[in-house]
Structures are given as C-alpha cells and as structure tokens.
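Visitor: Take a look at upload_24.csv, CSV, C-alpha atoms:
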```csv
chain,number,residue,atom,x,y,z
A,25,MET,CA,-30.5,13.3,12.0
A,26,ARG,CA,-30.2,16.9,10.8
A,27,SER,CA,-28.9,17.5,7.3
A,28,ALA,CA,-28.3,20.5,5.0
A,29,VAL,CA,-28.2,20.7,1.2
A,30,ILE,CA,-26.4,23.8,0.0
A,31,THR,CA,-27.6,25.6,-3.1
A,32,PHE,CA,-25.2,27.7,-5.1
A,33,PRO,CA,-26.3,29.9,-8.1
A,34,GLY,CA,-26.3,27.4,-10.9
A,35,SER,CA,-26.8,24.2,-8.7
A,36,ASN,CA,-29.3,22.0,-10.5
A,37,CYS,CA,-29.3,18.8,-8.5
A,38,ASP,CA,-30.0,20.3,-5.1
A,39,ARG,CA,-33.7,19.3,-5.1
A,40,ASP,CA,-32.8,15.7,-6.1
A,41,MET,CA,-30.3,15.6,-3.4
A,42,ALA,CA,-32.7,17.0,-0.8
A,43,VAL,CA,-35.3,14.4,-1.8
A,44,ALA,CA,-32.8,11.6,-1.6
A,45,VAL,CA,-31.7,12.7,1.9
A,46,GLU,CA,-35.3,13.1,3.0
A,47,GLN,CA,-36.4,9.8,1.7
A,48,VAL,CA,-33.4,7.6,2.6
A,49,CYS,CA,-31.9,9.3,5.6
A,50,GLY,CA,-35.0,10.9,7.0
A,51,GLY,CA,-34.9,13.6,9.7
A,52,GLU,CA,-34.8,17.3,9.0
A,53,VAL,CA,-33.3,18.5,5.8
A,54,HIS,CA,-32.5,22.2,5.6
A,55,ARG,CA,-32.0,24.0,2.3
A,56,VAL,CA,-29.2,26.5,2.7
A,57,TRP,CA,-28.3,29.3,0.3
A,58,HIS,CA,-24.6,29.9,-0.6
A,59,GLY,CA,-24.7,33.5,0.6
A,60,ASP,CA,-25.7,32.5,4.1
A,61,ALA,CA,-22.8,33.0,6.6
A,62,ALA,CA,-23.9,30.3,9.0
A,63,LEU,CA,-25.3,26.7,8.8
A,64,PRO,CA,-28.2,25.5,10.9
A,65,GLU,CA,-27.2,24.4,14.4
A,66,GLY,CA,-26.3,20.8,15.2
A,67,LEU,CA,-25.9,19.4,11.7
A,68,ASP,CA,-24.9,15.8,11.2
A,69,PHE,CA,-24.7,15.8,7.4
A,70,ILE,CA,-24.0,18.4,4.7
A,71,ALA,CA,-24.5,17.7,1.0
A,72,LEU,CA,-23.1,19.8,-1.8
A,73,PRO,CA,-25.1,19.0,-5.0
A,74,GLY,CA,-24.3,18.8,-8.6
A,75,GLY,CA,-24.8,21.5,-11.2
A,76,PHE,CA,-22.9,24.3,-12.8
A,77,SER,CA,-22.3,26.8,-10.0
A,78,TYR,CA,-21.4,30.3,-11.3
A,79,GLY,CA,-21.6,28.8,-14.8
A,80,ASP,CA,-18.3,27.0,-14.2
A,81,TYR,CA,-16.6,30.4,-14.5
A,82,LEU,CA,-12.8,30.5,-13.9
A,83,ARG,CA,-12.8,26.7,-13.1
A,84,SER,CA,-15.6,24.3,-12.1
A,85,GLY,CA,-16.4,24.9,-8.5
A,86,ALA,CA,-13.8,27.7,-8.0
A,87,MET,CA,-16.2,30.5,-7.3
A,88,ALA,CA,-18.6,28.4,-5.1
A,89,ALA,CA,-15.6,27.2,-3.0
A,90,ARG,CA,-15.0,30.9,-2.0
A,91,SER,CA,-18.7,31.7,-1.2
A,92,PRO,CA,-19.6,32.7,2.4
A,93,ILE,CA,-21.3,29.4,3.3
A,94,MET,CA,-18.2,27.4,2.4
A,95,ARG,CA,-16.3,28.9,5.4
A,96,ALA,CA,-18.9,27.3,7.6
A,97,VAL,CA,-18.8,24.0,5.7
A,98,ILE,CA,-15.0,23.8,6.0
A,99,GLU,CA,-15.3,24.5,9.7
A,100,ALA,CA,-18.0,21.8,10.1
A,101,ALA,CA,-16.0,19.3,8.1
A,102,ASN,CA,-13.0,19.9,10.3
A,103,ARG,CA,-15.2,19.2,13.3
A,104,GLY,CA,-16.1,15.8,11.8
A,105,VAL,CA,-19.5,16.6,10.3
A,106,LYS,CA,-20.1,14.3,7.4
A,107,VAL,CA,-19.9,16.1,4.1
A,108,LEU,CA,-20.8,14.7,0.7
A,109,GLY,CA,-20.0,16.5,-2.6
A,110,VAL,CA,-21.4,15.1,-5.8
A,111,CYS,CA,-20.3,16.1,-9.2
A,112,ASN,CA,-20.1,19.9,-9.0
A,113,GLY,CA,-20.1,19.4,-5.2
A,114,PHE,CA,-16.9,17.3,-5.6
A,115,GLN,CA,-15.3,20.0,-7.7
A,116,VAL,CA,-16.2,22.6,-5.0
A,117,LEU,CA,-14.7,20.3,-2.3
A,118,THR,CA,-11.4,20.0,-4.1
A,119,GLU,CA,-11.3,23.8,-4.9
A,120,ALA,CA,-12.0,24.5,-1.2
A,121,GLY,CA,-9.1,22.3,-0.2
A,122,LEU,CA,-11.2,19.8,1.7
A,123,LEU,CA,-10.2,17.0,-0.8
A,124,PRO,CA,-6.9,16.6,-2.7
A,125,GLY,CA,-6.5,16.8,-6.5
A,126,ALA,CA,-8.5,18.7,-9.1
A,127,LEU,CA,-11.2,17.8,-11.7
A,128,MET,CA,-10.2,18.7,-15.2
A,129,ARG,CA,-12.0,18.7,-18.6
A,130,ASN,CA,-12.9,15.1,-19.6
A,131,ALA,CA,-10.0,13.6,-21.6
A,132,GLY,CA,-12.4,13.0,-24.5
A,133,ILE,CA,-13.5,16.7,-24.4
A,134,ARG,CA,-17.2,15.6,-24.6
A,135,PHE,CA,-19.8,15.9,-21.8
A,136,VAL,CA,-20.5,12.4,-20.5
A,137,CYS,CA,-24.0,11.6,-19.5
A,138,ARG,CA,-24.8,7.9,-18.9
A,139,GLU,CA,-24.9,5.1,-16.4
A,140,VAL,CA,-21.4,3.8,-15.5
A,141,LYS,CA,-20.1,0.8,-13.5
A,142,LEU,CA,-18.1,1.6,-10.4
A,143,THR,CA,-16.0,-0.7,-8.2
A,144,VAL,CA,-16.3,-0.1,-4.5
A,145,GLU,CA,-12.7,0.3,-3.2
A,146,ASN,CA,-13.4,1.3,0.4
A,147,ASN,CA,-16.3,-0.2,2.4
A,148,THR,CA,-15.3,1.1,5.8
A,149,SER,CA,-16.2,4.8,5.6
A,150,ALA,CA,-19.5,6.3,6.9
A,151,PHE,CA,-20.6,6.6,3.2
A,152,THR,CA,-19.5,3.2,1.9
A,153,HIS,CA,-19.9,0.6,4.6
A,154,ARG,CA,-23.2,-0.7,3.3
A,155,TYR,CA,-21.4,-1.8,0.1
A,156,LEU,CA,-19.1,-4.8,-0.2
A,157,LYS,CA,-15.5,-4.2,-1.0
A,158,GLY,CA,-14.9,-4.9,-4.7
A,159,GLN,CA,-18.7,-4.8,-5.4
A,160,THR,CA,-19.6,-3.5,-8.8
A,161,ILE,CA,-22.4,-0.9,-8.7
A,162,THR,CA,-24.1,1.2,-11.4
A,163,ILE,CA,-24.6,4.9,-10.9
A,164,PRO,CA,-25.2,7.7,-13.5
A,165,VAL,CA,-22.7,10.4,-14.3
A,166,ALA,CA,-23.3,13.7,-16.0
A,167,HIS,CA,-20.3,15.9,-16.3
A,168,HIS,CA,-17.8,17.8,-18.5
A,169,ASP,CA,-15.1,18.2,-15.9
A,170,GLY,CA,-14.7,14.9,-14.2
A,171,ASN,CA,-11.1,14.0,-15.1
A,172,PHE,CA,-9.6,13.5,-11.6
A,173,PHE,CA,-6.0,14.7,-11.5
A,174,ALA,CA,-3.4,14.6,-8.6
A,175,ASP,CA,0.3,14.1,-8.7
A,176,ASP,CA,1.7,10.5,-8.3
A,177,ALA,CA,2.7,11.0,-4.7
A,178,THR,CA,-0.8,12.2,-3.8
A,179,LEU,CA,-2.4,9.3,-5.7
A,180,ASP,CA,-0.1,6.8,-3.9
A,181,ARG,CA,-1.0,8.3,-0.6
A,182,LEU,CA,-4.8,8.1,-1.4
A,183,GLU,CA,-4.5,4.5,-2.4
A,184,GLY,CA,-2.2,3.6,0.5
A,185,GLU,CA,-4.6,5.1,3.1
A,186,GLY,CA,-7.7,3.5,1.5
A,187,ARG,CA,-9.1,6.8,0.5
A,188,VAL,CA,-10.1,5.9,-3.0
A,189,ALA,CA,-13.8,5.2,-2.3
A,190,PHE,CA,-14.9,4.3,-5.9
A,191,ARG,CA,-13.2,3.6,-9.1
A,192,TYR,CA,-14.7,3.5,-12.6
A,193,ALA,CA,-14.9,-0.1,-13.8
A,194,GLU,CA,-14.8,1.3,-17.4
A,195,GLU,CA,-13.1,4.3,-19.1
A,196,VAL,CA,-15.3,7.4,-18.5
A,197,ASN,CA,-13.3,10.6,-18.5
A,198,GLY,CA,-9.6,10.0,-18.3
A,199,SER,CA,-9.4,10.1,-14.5
A,200,ALA,CA,-6.0,9.2,-12.9
A,201,ARG,CA,-6.2,5.6,-11.9
A,202,ASN,CA,-9.9,5.6,-12.8
A,203,ILE,CA,-10.7,7.3,-9.6
A,204,ALA,CA,-14.4,8.3,-9.3
A,205,GLY,CA,-14.6,9.3,-5.6
A,206,VAL,CA,-12.2,10.1,-2.8
A,207,LEU,CA,-12.3,10.5,1.0
A,208,ASN,CA,-10.5,13.0,3.2
A,209,GLU,CA,-8.0,12.0,5.8
A,210,GLY,CA,-10.7,11.7,8.5
A,211,GLY,CA,-13.0,9.7,6.3
A,212,ASN,CA,-15.9,12.2,7.0
A,213,VAL,CA,-15.7,14.0,3.6
A,214,LEU,CA,-16.5,12.2,0.4
A,215,GLY,CA,-16.4,13.7,-3.1
A,216,MET,CA,-17.6,11.7,-6.1
A,217,MET,CA,-18.5,12.5,-9.7
A,218,PRO,CA,-21.3,9.9,-10.1
A,219,HIS,CA,-24.7,10.8,-8.8
A,220,PRO,CA,-25.9,8.4,-6.1
A,221,GLU,CA,-29.0,10.7,-5.4
A,222,ARG,CA,-30.2,9.8,-8.9
A,223,PHE,CA,-30.4,6.1,-8.2
A,224,ILE,CA,-32.3,5.7,-5.0
A,225,GLU,CA,-35.5,4.1,-6.2
A,226,ALA,CA,-36.4,1.6,-9.0
A,227,ALA,CA,-38.4,4.2,-10.9
A,228,GLN,CA,-35.1,6.0,-11.6
A,229,GLY,CA,-33.7,3.0,-13.3
A,230,GLY,CA,-31.6,1.7,-10.4
A,231,ILE,CA,-31.1,1.8,-6.6
A,232,ASP,CA,-27.4,1.4,-6.2
A,233,GLY,CA,-27.1,4.9,-4.8
A,234,ARG,CA,-29.4,4.2,-1.9
A,235,ALA,CA,-26.9,2.3,0.2
A,236,LEU,CA,-24.7,5.4,0.4
A,237,PHE,CA,-27.4,7.5,2.1
A,238,GLU,CA,-28.4,4.5,4.3
A,239,GLY,CA,-24.8,4.2,5.3
A,240,VAL,CA,-24.6,7.8,6.5
A,241,THR,CA,-27.7,7.3,8.6
A,242,LYS,CA,-26.5,4.1,10.1
A,243,ALA,CA,-23.0,5.5,10.8
A,244,LEU,CA,-24.6,8.5,12.7
A,245,LEU,CA,-26.9,6.2,14.7
A,246,SER,CA,-24.1,4.0,15.8
A,247,ALA,CA,-21.7,6.9,16.5
B,12,MET,CA,-2.8,50.4,-13.5
B,13,LYS,CA,-3.3,47.2,-15.4
B,14,VAL,CA,-2.0,43.9,-14.1
B,15,ARG,CA,-2.0,40.7,-16.2
B,16,VAL,CA,-2.1,37.3,-14.6
B,17,TYR,CA,-1.2,34.5,-17.0
B,18,VAL,CA,-2.5,31.1,-15.8
B,19,SER,CA,-1.2,28.0,-17.6
B,20,LEU,CA,-1.3,24.2,-16.9
B,21,LYS,CA,1.7,22.7,-15.3
B,22,ASN,CA,4.0,20.5,-17.3
B,23,GLY,CA,2.8,16.9,-17.3
B,24,VAL,CA,-0.8,17.9,-16.8
B,25,LEU,CA,-2.8,16.6,-19.8
B,26,ASP,CA,-4.5,19.4,-21.6
B,27,PRO,CA,-7.5,18.0,-23.6
B,28,GLN,CA,-8.4,21.5,-24.9
B,29,GLY,CA,-4.9,22.2,-26.1
B,30,ARG,CA,-5.0,18.9,-27.9
B,31,ALA,CA,-8.3,19.6,-29.6
B,32,ILE,CA,-7.0,23.0,-30.7
B,33,HIS,CA,-3.9,21.3,-32.1
B,34,HIS,CA,-6.1,18.9,-34.1
B,35,ALA,CA,-8.1,21.8,-35.4
B,36,ILE,CA,-5.0,23.7,-36.5
B,37,GLU,CA,-3.8,20.6,-38.3
B,38,GLY,CA,-7.3,20.2,-39.8
B,39,LEU,CA,-6.9,23.7,-41.3
B,40,GLY,CA,-3.8,22.5,-43.1
B,41,PHE,CA,-1.1,24.2,-41.0
B,42,SER,CA,1.9,22.0,-40.4
B,43,GLY,CA,4.9,22.3,-38.1
B,44,VAL,CA,3.0,22.8,-34.9
B,45,SER,CA,4.2,20.2,-32.5
B,46,ASP,CA,2.1,21.0,-29.4
B,47,VAL,CA,-0.6,23.4,-28.1
B,48,ARG,CA,-1.3,24.2,-24.5
B,49,ALA,CA,-4.3,26.4,-23.7
B,50,GLY,CA,-4.1,28.8,-20.7
B,51,ARG,CA,-6.0,31.8,-19.4
B,52,LEU,CA,-5.2,35.5,-19.3
B,53,ILE,CA,-6.8,37.6,-16.5
B,54,GLU,CA,-6.5,41.4,-16.6
B,55,LEU,CA,-7.0,43.3,-13.4
B,56,GLU,CA,-7.4,47.1,-13.1
B,57,VAL,CA,-5.8,48.0,-9.8
B,58,ASP,CA,-4.8,51.0,-7.7
B,59,GLU,CA,-1.0,51.7,-7.3
B,60,THR,CA,-1.4,50.8,-3.7
B,61,VAL,CA,-2.1,47.1,-4.4
B,62,SER,CA,1.1,45.3,-3.4
B,63,ASP,CA,2.9,42.5,-5.2
B,64,ALA,CA,2.1,40.4,-2.1
B,65,ALA,CA,-1.6,41.0,-2.5
B,66,LEU,CA,-1.5,40.1,-6.1
B,67,GLU,CA,0.4,36.9,-5.3
B,68,GLU,CA,-2.3,36.1,-2.8
B,69,MET,CA,-5.1,36.7,-5.3
B,70,ALA,CA,-3.4,34.4,-7.7
B,71,GLN,CA,-2.8,31.7,-5.2
B,72,LYS,CA,-6.2,31.8,-3.5
B,73,LEU,CA,-8.4,32.1,-6.5
B,74,LEU,CA,-7.0,32.9,-10.0
B,75,ALA,CA,-4.9,29.7,-10.3
B,76,ASN,CA,-5.4,26.2,-8.9
B,77,LEU,CA,-1.9,25.3,-7.8
B,78,VAL,CA,-2.7,21.6,-8.0
B,79,ILE,CA,-2.8,21.8,-11.8
B,80,GLU,CA,-1.7,25.4,-12.8
B,81,ASN,CA,1.1,27.8,-12.7
B,82,TYR,CA,0.7,31.6,-12.9
B,83,ARG,CA,2.8,34.6,-13.8
B,84,ILE,CA,2.0,38.2,-12.8
B,85,GLU,CA,2.9,41.1,-15.0
B,86,ARG,CA,2.3,44.8,-14.2
B,87,VAL,CA,1.7,46.6,-17.4
```
I'd like the structure from this file rewritten - as structure tokens, please.
Guide:
Amino acid sequence: MRSAVITFPGSNCDRDMAVAVEQVCGGEVHRVWHGDAALPEGLDFIALPGGFSYGDYLRSGAMAARSPIMRAVIEAANRGVKVLGVCNGFQVLTEAGLLPGALMRNAGIRFVCREVKLTVENNTSAFTHRYLKGQTITIPVAHHDGNFFADDATLDRLEGEGRVAFRYAEEVNGSARNIAGVLNEGGNVLGMMPHPERFIEAAQGGIDGRALFEGVTKALLSA
Amino acid sequence: MKVRVYVSLKNGVLDPQGRAIHHAIEGLGFSGVSDVRAGRLIELEVDETVSDAALEEMAQKLLANLVIENYRIERV
C-alpha cells in the first residue's frame, strides 16, 4: 500500500496523520508538500490533514484548495484513489469541489476541542466498513469552522444515497442534520471534522479511529 | 483601477458572526437594530485590460464560495 500525506503551510496534524497511516495501514507513507505539482506514482491512499492552512485566510481551506498539489489530488480522486480529509482537510475537500457543502463558523462561535460521540451512518464504504451501522464511537474534534452547511436538496441527496458517513450523537457545532462526515458519489473520498488519527492507540485515550484506517487497508487488499 | 468585490452570505445561511455582532451592539445599549449580517470586502487593483468576465471568474473560483455566499463586483 502506498500512501501520501499532504502538508500545506499551516497544517499541524500532518505528522499525526502520517504516524497513524504508518502504524495502522503500513506500507510506504510519502510526505508531500503543497507546492509540489505531482504526487508520487501509484498511490492508493491520500490523506489531507487537519490544521489551519494559510491561517484560514479568506475561508478555511480556500487557499489550500487552489494549491498546485490539489490539481493532482483532484485528478487522483477522480481516478478512484481513496482520499481522506480530516478537519482542515475536510474544509479543503469541500473548497476543492470534491465534496458538497461548506464548513462554516461553529454556531456557538467558540472553538470546540473535546471528545465527541458519533453515530456510524454508513458502514459500506472503504473507510467505514469496519464499523457497525448505528454504532456509537468516540473521536476527538478540534475546530472553529465545523458547522456543515448544504442546501436541503443536497442534504436529502446525501442522505438518500447513504453518503452521510458519520453523524454527531450530540450537539457540537450546529451542523446541518448533525452531519460530521460525508462521502463523495463514488465513495472513495471521505471528509470528516473529527480526528480519527488522534484515537488509534489506548495511550491517546481511545482507539475508535483505528478501524477507519484498518478499513482502508482491507478495502485495498480485497480490491 | 480599483475594483471592489463584496462577498455576503446567502439568505437563509445562518451567520453566527453577524449574530454575535448584533448581541454586542445591543450590549452597547443601541436599540432598533433588527438583524446583522457580516460580509467581506475585497479590493483589487487591476489594469484596465482586465475584463468583467475575468473578474467574474476570480469571484466564482476563489473570492466567494457559491455554496454559501453571493458576490457583487463594482469598478470604482
């Protein structure tokens, strides 16, 4: 398995993400800089980490979504390469048009940094098949702009197509229909505000994020 | 020449920042303000040769996120 973790100026969860991919997925993990024009050859999995790329200037994720490497990420995603965006990575994916909707300022204005309970809504995607449908899991969040917004028609379509991957099981940030993570139409791109890479071993306080990375590996092996 | 691009949230999109500003205005003792929406003003210094179409494209591709925002372009 060949993976890449993209680092934008202002990313701060890129190392955690690389460690999670290395430890849980294994294989080669390449660190890629946002200014690079090309990705390493033959990638199976690309992760966009959390952080505050470009200081959240203009809108969270807006500048990063237009960086040179994102053209290659979009092209790879369209070819079916698995792409995971966490937190700022999710914001980048929506700004890049790979996922619908937008992530706005938390309804309560405050930065939210704590463990939250999530409900697994979809357990058939490459990322979520190691969970049970309806399972409650605990994953940390740390964000200021996590309030998922999309118009009603888009929300209905996401729900109807089983593309809501995770929902908050409690009020966190005002997200439409409590959506915490969504999949693209092909099911190979997942964006989520909670940080699965921060919960992969007991020393971190929980291991509920581990199954997501295991799922990606298993999906690639059985493909 | 100067071009101003006004970016504002679409109607129906919740604006937590506008609401906080509204609360602060009321906290200062002002009354009669029924709603506050916060937007963004971006000023560009451009050559005369930059077309309206190019400005539209800049707004649509980067300056505004059309999922949540409207924009208005004004040549000054």
Visitor: Could the residues of chain B that have an atom at most 10 Å from chain A be listed as JSON lines, each with its closest atom pair and the distance in Å to one decimal, counting only C-alpha atoms and ordered by chain and ascending residue number?
Guide:
```
{"residue": "B:Gly23", "atom": "CA", "partner": "A:Asp175", "partner_atom": "CA", "distance": 9.4}
{"residue": "B:Val24", "atom": "CA", "partner": "A:Phe173", "partner_atom": "CA", "distance": 8.1}
{"residue": "B:Leu25", "atom": "CA", "partner": "A:Ala131", "partner_atom": "CA", "distance": 8.0}
{"residue": "B:Asp26", "atom": "CA", "partner": "A:Ala131", "partner_atom": "CA", "distance": 8.0}
{"residue": "B:Pro27", "atom": "CA", "partner": "A:Ala131", "partner_atom": "CA", "distance": 5.4}
{"residue": "B:Gln28", "atom": "CA", "partner": "A:Ile133", "partner_atom": "CA", "distance": 7.0}
{"residue": "B:Arg30", "atom": "CA", "partner": "A:Ile133", "partner_atom": "CA", "distance": 9.5}
{"residue": "B:Ala31", "atom": "CA", "partner": "A:Ile133", "partner_atom": "CA", "distance": 7.9}
{"residue": "B:Arg51", "atom": "CA", "partner": "A:Leu82", "partner_atom": "CA", "distance": 8.8}
{"residue": "B:Ile53", "atom": "CA", "partner": "A:Leu82", "partner_atom": "CA", "distance": 9.7}
{"residue": "B:Lys72", "atom": "CA", "partner": "A:Arg90", "partner_atom": "CA", "distance": 9.0}
{"residue": "B:Leu73", "atom": "CA", "partner": "A:Ala86", "partner_atom": "CA", "distance": 7.1}
{"residue": "B:Leu74", "atom": "CA", "partner": "A:Leu82", "partner_atom": "CA", "distance": 7.4}
{"residue": "B:Ala75", "atom": "CA", "partner": "A:Leu82", "partner_atom": "CA", "distance": 8.7}
{"residue": "B:Asn76", "atom": "CA", "partner": "A:Glu119", "partner_atom": "CA", "distance": 7.5}
{"residue": "B:Leu77", "atom": "CA", "partner": "A:Ala126", "partner_atom": "CA", "distance": 9.4}
{"residue": "B:Val78", "atom": "CA", "partner": "A:Gly125", "partner_atom": "CA", "distance": 6.3}
{"residue": "B:Ile79", "atom": "CA", "partner": "A:Ala126", "partner_atom": "CA", "distance": 7.0}
```
Visitor: Hey, can you check how far atom CA of Ser91 of chain A sits from atom CA of Pro220 of chain A?
Guide: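 Spanning atom CA of Ser91 of chain A to atom CA of Pro220 of chain A is a straight-line distance of 24.9 Å.
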Visitor: Using only C-alpha atoms, which residue out of B:Met69, B:Val87, B:Val57, B:Ala49 lies closest to His33 of chain B?
Guide: B:Ala49
Visitor: Go ahead and compute the interatomic distance for atom CA of Glu46 of chain A and atom CA of Gly74 of chain A, in Å to one decimal.
Guide: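 For atom CA of Glu46 of chain A relative to atom CA of Gly74 of chain A, the distance reads 17.0 Å.
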Visitor: As an exercise, work out the distance from atom CA of Asn22 of chain B to atom CA of Gln115 of chain A in Å and give it to one decimal place.
Guide: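 Between atom CA of Asn22 of chain B and atom CA of Gln115 of chain A the gap is 21.6 Å.
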Visitor: I need the residue nearest Asp232 of chain A from this list: A:Lys106, A:Lys141, A:His168, A:Arg55. Use only C-alpha atoms for the distance.
Guide: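 Among the listed residues, the smallest separation from Asp232 of chain A belongs to A:Lys141.
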Visitor: Taking only C-alpha atoms into account, which of A:Arg39, A:Phe76, A:Glu52, A:Ala44 comes nearest Glu238 of chain A?
Guide: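 Smallest distance to Glu238 of chain A is found for A:Ala44.
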Visitor: Can you tell me, as a PDB file with C-alpha atoms, in the frame of the given file, what residues are no more than 10 Å from Ile84 of chain B when counting only C-alpha atoms, ignoring any on the same chain fewer than 5 positions away?
Guide:
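Saved the output as part-v3.pdb:
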```pdb
ATOM      1  CA  VAL B  14      -2.000  43.900 -14.100  1.00  0.00           C
ATOM      2  CA  ARG B  15      -2.000  40.700 -16.200  1.00  0.00           C
ATOM      3  CA  VAL B  16      -2.100  37.300 -14.600  1.00  0.00           C
ATOM      4  CA  TYR B  17      -1.200  34.500 -17.000  1.00  0.00           C
ATOM      5  CA  VAL B  18      -2.500  31.100 -15.800  1.00  0.00           C
ATOM      6  CA  ILE B  53      -6.800  37.600 -16.500  1.00  0.00           C
ATOM      7  CA  GLU B  54      -6.500  41.400 -16.600  1.00  0.00           C
ATOM      8  CA  ASP B  63       2.900  42.500  -5.200  1.00  0.00           C
ATOM      9  CA  LEU B  66      -1.500  40.100  -6.100  1.00  0.00           C
ATOM     10  CA  GLU B  67       0.400  36.900  -5.300  1.00  0.00           C
ATOM     11  CA  ALA B  70      -3.400  34.400  -7.700  1.00  0.00           C
TER      12      ALA B  70
END
```
Visitor: Need the shell around Met12 of chain B: protein/DNA/RNA residues with any atom at most 10 Å away, counting only C-alpha atoms. Skip same-chain ones fewer than 5 positions apart. Format as a ChimeraX atom specification?
Guide: /B:55-61,86-87
Visitor: Could you give me, as a list in words, the residues within 6 Å of Glu80 of chain B, counting only C-alpha atoms and dropping anything in the same chain fewer than 6 positions from it?
Guide: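 In the requested format, the answer is Ser19, Leu20 and Lys21 of chain B.
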Visitor: Got time to write the residues from that selection, C-alpha atoms, as a PDB file, keeping the file's coordinate frame?
Guide:
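The resulting file, again.pdb, is reproduced below:
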```pdb
ATOM      1  CA  SER B  19      -1.200  28.000 -17.600  1.00  0.00           C
ATOM      2  CA  LEU B  20      -1.300  24.200 -16.900  1.00  0.00           C
ATOM      3  CA  LYS B  21       1.700  22.700 -15.300  1.00  0.00           C
TER       4      LYS B  21
END
```
Visitor: Where atoms are absent from segment 12-30 of chain B, fill them in so it carries N, CA and C atoms, then output it as a JSON list (two decimals), keeping the file's coordinate frame.
Guide:
```
[["chain", "number", "residue", "atom", "x", "y", "z"],
["B", 12, "MET", "N", -3.64, 51.07, -12.54],
["B", 12, "MET", "CA", -2.80, 50.40, -13.50],
["B", 12, "MET", "C", -3.30, 49.02, -13.83],
["B", 13, "LYS", "N", -2.83, 48.50, -14.97],
["B", 13, "LYS", "CA", -3.30, 47.20, -15.40],
["B", 13, "LYS", "C", -2.30, 46.12, -14.97],
["B", 14, "VAL", "N", -2.85, 45.02, -14.49],
["B", 14, "VAL", "CA", -2.00, 43.90, -14.10],
["B", 14, "VAL", "C", -2.53, 42.67, -14.93],
["B", 15, "ARG", "N", -1.62, 41.95, -15.52],
["B", 15, "ARG", "CA", -2.00, 40.70, -16.20],
["B", 15, "ARG", "C", -1.55, 39.52, -15.46],
["B", 16, "VAL", "N", -2.47, 38.58, -15.28],
["B", 16, "VAL", "CA", -2.10, 37.30, -14.60],
["B", 16, "VAL", "C", -2.30, 36.22, -15.68],
["B", 17, "TYR", "N", -1.19, 35.57, -16.01],
["B", 17, "TYR", "CA", -1.20, 34.50, -17.00],
["B", 17, "TYR", "C", -1.31, 33.16, -16.19],
["B", 18, "VAL", "N", -2.32, 32.38, -16.52],
["B", 18, "VAL", "CA", -2.50, 31.10, -15.80],
["B", 18, "VAL", "C", -2.31, 30.00, -16.89],
["B", 19, "SER", "N", -1.42, 29.04, -16.61],
["B", 19, "SER", "CA", -1.20, 28.00, -17.60],
["B", 19, "SER", "C", -1.12, 26.63, -16.84],
["B", 20, "LEU", "N", -1.40, 25.57, -17.55],
["B", 20, "LEU", "CA", -1.30, 24.20, -16.90],
["B", 20, "LEU", "C", 0.11, 23.86, -16.69],
["B", 21, "LYS", "N", 0.34, 23.18, -15.58],
["B", 21, "LYS", "CA", 1.70, 22.70, -15.30],
["B", 21, "LYS", "C", 2.15, 21.69, -16.31],
["B", 22, "ASN", "N", 3.44, 21.58, -16.45],
["B", 22, "ASN", "CA", 4.00, 20.50, -17.30],
["B", 22, "ASN", "C", 3.53, 19.18, -16.80],
["B", 23, "GLY", "N", 3.21, 18.29, -17.71],
["B", 23, "GLY", "CA", 2.80, 16.90, -17.30],
["B", 23, "GLY", "C", 1.33, 16.80, -17.04],
["B", 24, "VAL", "N", 0.61, 17.94, -16.96],
["B", 24, "VAL", "CA", -0.80, 17.90, -16.80],
["B", 24, "VAL", "C", -1.46, 17.81, -18.20],
["B", 25, "LEU", "N", -2.22, 16.77, -18.44],
["B", 25, "LEU", "CA", -2.80, 16.60, -19.80],
["B", 25, "LEU", "C", -3.77, 17.75, -20.06],
["B", 26, "ASP", "N", -3.70, 18.27, -21.26],
["B", 26, "ASP", "CA", -4.50, 19.40, -21.60],
["B", 26, "ASP", "C", -5.42, 19.04, -22.84],
["B", 27, "PRO", "N", -6.60, 18.47, -22.55],
["B", 27, "PRO", "CA", -7.50, 18.00, -23.60],
["B", 27, "PRO", "C", -7.88, 19.18, -24.58],
["B", 28, "GLN", "N", -8.04, 20.39, -24.01],
["B", 28, "GLN", "CA", -8.40, 21.50, -24.90],
["B", 28, "GLN", "C", -7.32, 21.90, -25.80],
["B", 29, "GLY", "N", -6.10, 21.93, -25.26],
["B", 29, "GLY", "CA", -4.90, 22.20, -26.10],
["B", 29, "GLY", "C", -4.82, 21.22, -27.24],
["B", 30, "ARG", "N", -5.09, 19.96, -26.89],
["B", 30, "ARG", "CA", -5.00, 18.90, -27.90],
["B", 30, "ARG", "C", -6.04, 19.06, -28.99]]
```
